[in-house]
Amino acid sequence: MNLPAPLEDALAPTATLEPQTLTDHPGLREALVAAVTPVSEGVLSIALQPAAPTPGFPAFDAGAHIDLHLPGGMVRSYSLHNPPGQKDRYVIGVLHERAGRGGSRWIHENLRAGDRLMISAPRNHFALDEQAQRSVFVAGGIGVTPVLSMLQRLVALGKPGHLIYCARSRASAPFLDLLATLTPHGISVQTHFDDEAGSPPDLQTLLSRHLSTDHFYCCGPGPMLQAFESSCETLGFGNVHVERFKAQAQPLAAAVDGFCSVELRRSGLTLEIAKNTPPLGALLAAGIAVEYSCEEGVCGACETPILEGEADHRDSLLSAAQKAGQQCMMVCVSRCRSDRMVLDL
């Protein structure tokens, strides 16, 4: 997963990675860049190791991602694509987003083996259902990164998996060599390259060959996700999971007047927060240590449990059922709906 930039500052490509300490970013850890390796047109594979030999990185589950804290205050989220459970290294893939806001450009032009940077603990909102009898994956370009971790987990479990891997061209498709090592172990891979096929993939036709009891996963650009979700709905597939690069377009909501009294249970504070603005700014201004990254409701870093009250959910991460359940909210984009809320902060 290459998530969008949370900040507007565009970092000059000549910026240097300044030394940082754990006290600069409470809750984060320092990582050593062990290797930076080109794997396809515009994609680097970056291996990270713990800066200190013990206790190692936290273990992670298939589908997880981490945040990289870069110079200039930029924070970027990337999926881990090495086998889940490894504590001695994290490996990410970074696409050079030429139309982005500077994060991937800085990584491609400046990050080198031996550098150190701060990273978050892994988070996972795209988890593999390990109880499923069969799993089917659709990946578009760099969207293959979380899928790689899932496929390697299936191999370890001795379960089958099928990947439909799409890209503009064979040269722009990263990790084809790694995928080839999985095919002798129950993983089948079907590729579609637009330049060779002469057209984009017909996902409904490709997915129609599978069973409704399978679990279906997709990570890729917005148009692919839309086609995937539409195809799954048409085919009557219920076990559908998606990972988004960017936030979904939200319907224009009517302005809401008034304030919500927000009690922060663990902090012992109560804030009056305008209902027409996300709580994140008010929380930070009050000195509350809230982890956040994308500021678009995609990465899940700012997920906050709701103890009482209702939120107006504006994120692109929670399912309809989760939003209706009112158990948590993404404070970077969602709003307060009720006059009073209690958050676990």
# chains A, B, ... in the order shown; residues from 1 in each chain; ligands from 1

call {"tool": "closest_atom_pairs", "arguments": {"of": "range 79-110 of chain A", "to": "range 122-143 of chain A", "cutoff": "10 Å", "atoms": "only C-alpha atoms", "output": "CSV"}}
result
residue,atom,partner,partner_atom,distance
A:Ser79,CA,A:Gly143,CA,8.8
A:Leu80,CA,A:Pro122,CA,8.5
A:Tyr90,CA,A:Pro122,CA,9.7
A:Gly93,CA,A:Ile142,CA,7.2
A:Val94,CA,A:Ile142,CA,7.6
A:Leu95,CA,A:Ile142,CA,6.5

call {"tool": "residues_around", "arguments": {"residues": "Arg335 in chain A", "least_positions_apart": "2", "cutoff": "8 Å", "atoms": "only C-alpha atoms", "output": "PyMOL selection string"}}
result
chain A and resi 275-279+311-314+331+333+337

call {"tool": "closest_residue", "arguments": {"among": "A:Ile164, A:Ala51, A:Ala113, A:Leu307", "to": "Phe228 in chain A", "atoms": "only C-alpha atoms"}}
result
A:Ile164

call {"tool": "residues_around", "arguments": {"residues": "range 151-156 of chain A", "least_positions_apart": "2", "cutoff": "8 Å", "atoms": "only C-alpha atoms", "output": "list in words"}}
result
Ala62, Asn82, Pro83, Pro84, Glu130, Val147, Leu148, Ser149, Gly158, Lys159, Pro160, Gly161, Leu182, His185, Gly186 and Ile187 of chain A

call {"tool": "closest_residue", "arguments": {"among": "A:Pro55, A:Gly63, A:Gly114, A:Pro71", "to": "Leu32 in chain A", "atoms": "only C-alpha atoms"}}
result
A:Gly114

call {"tool": "atom_distance", "arguments": {"atom1": "CA of Arg89 in chain A", "atom2": "CA of Phe60 in chain A"}}
result
10.8 Å

call {"tool": "atom_distance", "arguments": {"atom1": "CA of Gln327 in chain A", "atom2": "CA of Glu303 in chain A"}}
result
10.1 Å

call {"tool": "closest_residue", "arguments": {"among": "A:Asp194, A:Asp177, A:Glu310, A:Glu30", "to": "Asp115 in chain A", "atoms": "only C-alpha atoms"}}
result
A:Glu30

call {"tool": "residues_around", "arguments": {"residues": "Ser104 in chain A", "least_positions_apart": "6", "cutoff": "9 Å", "atoms": "only C-alpha atoms", "output": "list in words"}}
result
Asn2, Arg76, Val94, Leu95, His96, Glu97 and Arg98 of chain A
